[in-house]
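Student: Submitted below is the structure of interest, expressed as structure tokens.
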Amino acid sequence: MKKYALYPGCVMPTEQYAYELSIRETFPLLDIELVDLEGFSCCGEPMKSVNQLMTLYLSARNLAIGEKQDIDLFVPCPMCHLALSECKHVMENNVEMRDRVNGMLVSEDLQYKGSVDIVNTVDLLHDHIGVDQIEKHVRKPLDGLKIATHYGCHLIRPSEIGRPVDSENPQKMETVLKILGAEPLDYAEKLDCCGAPILANLPESALTKTGQKLQRVQEQGFDVFVDVCPWCHRMFDSKQVKAGETVASKLEVPVVYLTQLLGLAFGVKKEKLGLDLNLSPVDKLKIGD
């Protein structure tokens, strides 16, 4: 089994439990061993606009913890993945900053060397495990399920530091979903933001972005909306009712994580995938046990 250290971030283990549950249920079935390391902290990304050095330090610290154990990091949260990837980019191209940050890490007997890989849910499934391996585990195909995918902003930008998917036409989730028997279709609003980055300062504008995207998905007759980001999922799933009120629309769009659909196709029981924790109307989906 290939080993990865699971870097959970802040949102998944404190709020979006369904994402973690479905990850821990499905990836071992694909011969992925998830290792829990002690000492991980916030990636620092939420503080980037306030203190960029602190963000770099926190990201480098988490990477150094993985390096000390000689294990690559599986980072399901796209925001965390971006922070760690950007840190790696800066540290590789700015020797002065790398020395400065390592000088801060020495008090914990840590050193950033740049030796570990950072993978997200999408590229781990598509690039590292591969669709042929995934197909072997499909027990209950999602035949005919019309799916709208949402990649979120952090997986596709900025492309110059290297992101897991194409910035203009991401298709890796679609490829995985087709192997599961589903029917993922493109739609004009596919790359639109969920609104989460402005929720704290401009809640009405944020919820308008959320509501407008879900409204278009509903109008186009999709059966389910699939994402891979706990921040985005919070907006589309947890805040769907409020988003609907903001755009004066009754929204009833089932929103699930890609890993939850993966588990259903593998024949994993719904409760083990945390579907009872989803707040959108997932009971409309007539799949699984």
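Ordering of the structure tokens sets the chain letters (A, B, ...); residue numbers start at 1 within each chain; ligands are numbered from 1 in the order shown.
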Can you check which residues of stretch 39-285 of chain A DSSP gives as strand (DSSP E or B) on the backbone and send them as a ChimeraX atom specification?
Tutor: /A:73-74,118-119,146-150,183-184,224-227,255-257
Student: What residues in stretch 91-265 of chain A get the DSSP label helix (DSSP H, G or I)? Please answer as a PyMOL selection string.
Tutor: chain A and resi 91-93+95-108+121-129+131-135+159-161+172-179+196-198+203-219+230-238+240-246+258-265
Student: Would you kindly return, as a ChimeraX atom specification, each protein, DNA or RNA residue with an atom no farther than 6 Å from any atom of stretch 277-282 of chain A, considering only C-alpha atoms and excluding same-chain residues fewer than 3 positions away?
Tutor: /A:237-238,254-255,274,285
Student: Please list as a PyMOL selection string every residue within 12 Å of A:Ala148, counting only C-alpha atoms and excluding residues in the same chain fewer than 3 positions away.
Tutor: chain A and resi 145+151+171+173-174+177+182-191+213-214+216-227+253-258
Student: For A:Val268, which residue among A:Asp109, A:Glu15, A:Glu135, A:Glu25 is the nearest when counting only C-alpha atoms?
Tutor: A:Glu25
Student: Counting only C-alpha atoms, what is within 7 Å of A:Thr208, bar same-chain residues fewer than 4 positions away, as a CSV table (one decimal) with N, CA and C atoms, in the first residue's frame?
Tutor:
chain,number,residue,atom,x,y,z
A,204,GLU,N,-23.9,39.0,2.0
A,204,GLU,CA,-24.9,39.0,1.0
A,204,GLU,C,-24.4,38.7,-0.4
A,212,GLN,N,-26.7,31.9,-7.0
A,212,GLN,CA,-26.8,31.9,-8.4
A,212,GLN,C,-26.2,30.7,-9.1
A,243,ALA,N,-28.7,30.8,0.9
A,243,ALA,CA,-28.3,31.3,-0.4
A,243,ALA,C,-29.6,31.4,-1.3
A,246,THR,N,-31.4,34.4,-0.5
A,246,THR,CA,-30.7,35.6,-1.0
A,246,THR,C,-31.0,35.9,-2.4
A,247,VAL,N,-31.2,34.8,-3.2
A,247,VAL,CA,-31.5,35.0,-4.7
A,247,VAL,C,-32.9,34.8,-5.0
Student: Identify, on the basis of only C-alpha atoms, every residue whose closest approach to A:Pro76 does not exceed 9 Å; exclude the query and any residue fewer than 2 positions from it along the same chain; express the result as a list in words.
Tutor: Leu6, Tyr7, Pro8, Gly9, Met12, Tyr19, Glu20, Ile23, Phe74, Pro78, Met79, Cys80, His81, Val119, Asn120, Thr121, Val122, Val228, Cys229 and Pro230 of chain A
Student: Could you save the residues just selected, with C-alpha atoms, as a short mmCIF file (atom, residue, chain, number, x, y, z; two decimals), in the first residue's frame?
Tutor:
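In the end it all went to again_12.cif:
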data_model
loop_
_atom_site.label_atom_id
_atom_site.label_comp_id
_atom_site.auth_asym_id
_atom_site.auth_seq_id
_atom_site.Cartn_x
_atom_site.Cartn_y
_atom_site.Cartn_z
CA LEU A 6 -3.30 12.88 5.88
CA TYR A 7 -3.11 16.64 6.35
CA PRO A 8 -6.65 17.49 7.51
CA GLY A 9 -6.45 21.29 7.70
CA MET A 12 -12.54 19.24 7.75
CA TYR A 19 -15.36 14.64 3.95
CA GLU A 20 -12.98 12.98 6.40
CA ILE A 23 -11.91 9.71 2.71
CA PHE A 74 -2.34 14.04 1.08
CA PRO A 78 -7.77 22.92 -1.86
CA MET A 79 -7.04 26.03 0.20
CA CYS A 80 -4.49 24.14 2.28
CA HIS A 81 -3.12 22.53 -0.88
CA VAL A 119 -1.40 15.74 -3.52
CA ASN A 120 -5.09 16.64 -3.47
CA THR A 121 -8.10 14.33 -3.71
CA VAL A 122 -8.47 14.93 -7.45
CA VAL A 228 -13.94 18.39 -3.23
CA CYS A 229 -13.48 21.47 -1.03
CA PRO A 230 -14.72 21.84 2.57
#
Student: What lies within 9 Å of A:Leu34 using only C-alpha atoms, ignoring chain neighbours under 3 positions off, as a ChimeraX atom specification?
Tutor: /A:2-6,24,27-28,74
Student: Write the residues you've just listed into a file as a PDB file, in the first residue's frame, and include N, CA and C atoms for each of them.
Tutor:
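Result file follows (part32.pdb):
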ATOM      1  N   LYS A   2       0.460   2.233  -0.800  1.00  0.00           N
ATOM      2  CA  LYS A   2       1.154   3.513  -0.828  1.00  0.00           C
ATOM      3  C   LYS A   2       0.727   4.330   0.402  1.00  0.00           C
ATOM      4  N   LYS A   3       1.695   4.902   1.101  1.00  0.00           N
ATOM      5  CA  LYS A   3       1.399   5.664   2.314  1.00  0.00           C
ATOM      6  C   LYS A   3       1.411   7.158   2.034  1.00  0.00           C
ATOM      7  N   TYR A   4       0.443   7.847   2.634  1.00  0.00           N
ATOM      8  CA  TYR A   4       0.401   9.307   2.621  1.00  0.00           C
ATOM      9  C   TYR A   4       0.046   9.789   4.029  1.00  0.00           C
ATOM     10  N   ALA A   5       0.661  10.872   4.431  1.00  0.00           N
ATOM     11  CA  ALA A   5       0.241  11.519   5.669  1.00  0.00           C
ATOM     12  C   ALA A   5      -0.988  12.351   5.363  1.00  0.00           C
ATOM     13  N   LEU A   6      -2.073  12.119   6.091  1.00  0.00           N
ATOM     14  CA  LEU A   6      -3.301  12.880   5.879  1.00  0.00           C
ATOM     15  C   LEU A   6      -3.177  14.231   6.586  1.00  0.00           C
ATOM     16  N   ARG A  24     -11.593   8.395   4.700  1.00  0.00           N
ATOM     17  CA  ARG A  24     -11.042   7.271   5.475  1.00  0.00           C
ATOM     18  C   ARG A  24     -11.708   5.946   5.120  1.00  0.00           C
ATOM     19  N   PHE A  27     -10.348   5.465   0.574  1.00  0.00           N
ATOM     20  CA  PHE A  27      -8.970   5.369   0.089  1.00  0.00           C
ATOM     21  C   PHE A  27      -8.261   4.075   0.495  1.00  0.00           C
ATOM     22  N   PRO A  28      -8.499   3.521   1.679  1.00  0.00           N
ATOM     23  CA  PRO A  28      -7.893   2.225   1.979  1.00  0.00           C
ATOM     24  C   PRO A  28      -8.341   1.126   1.021  1.00  0.00           C
ATOM     25  N   PHE A  74      -1.044  14.017   1.746  1.00  0.00           N
ATOM     26  CA  PHE A  74      -2.345  14.041   1.079  1.00  0.00           C
ATOM     27  C   PHE A  74      -3.133  15.173   1.710  1.00  0.00           C
TER      28      PHE A  74
END
Student: Ranking A:Leu73, A:Ile287, A:Leu29, A:Met54 by minimum distance to A:Leu261 and counting only C-alpha atoms, which one comes first?
Tutor: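 Ranked by minimum distance to A:Leu261, first place goes to A:Ile287.
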Student: Hey, can you check how far atom CA of A:Pro197 sits from atom CA of A:Val101?
Tutor: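 If I compute the distance from atom CA of A:Pro197 to atom CA of A:Val101, I get 27.0 Å.
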Student: Check the smallest atom-to-atom distance from each of A:Leu84, A:Leu251, A:Leu63, A:Ile156 to A:Asn169 using only C-alpha atoms, then report the winner.
Tutor: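 Going through A:Leu84, A:Leu251, A:Leu63, A:Ile156 one by one, the smallest distance to A:Asn169 is for A:Ile156.
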Student: Just checking: using only C-alpha atoms, which residue out of A:Pro164, A:Gly114, A:Gly144, A:Gly244 ends up closest to A:Gly211?
Tutor: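 Nearest to A:Gly211: A:Gly244.
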Student: Pick the closest to A:Thr149 from A:Glu86, A:Leu125, A:His233, A:Arg163: which is it, counting only C-alpha atoms?
Tutor: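 Among the listed residues, A:His233 lies closest to A:Thr149.
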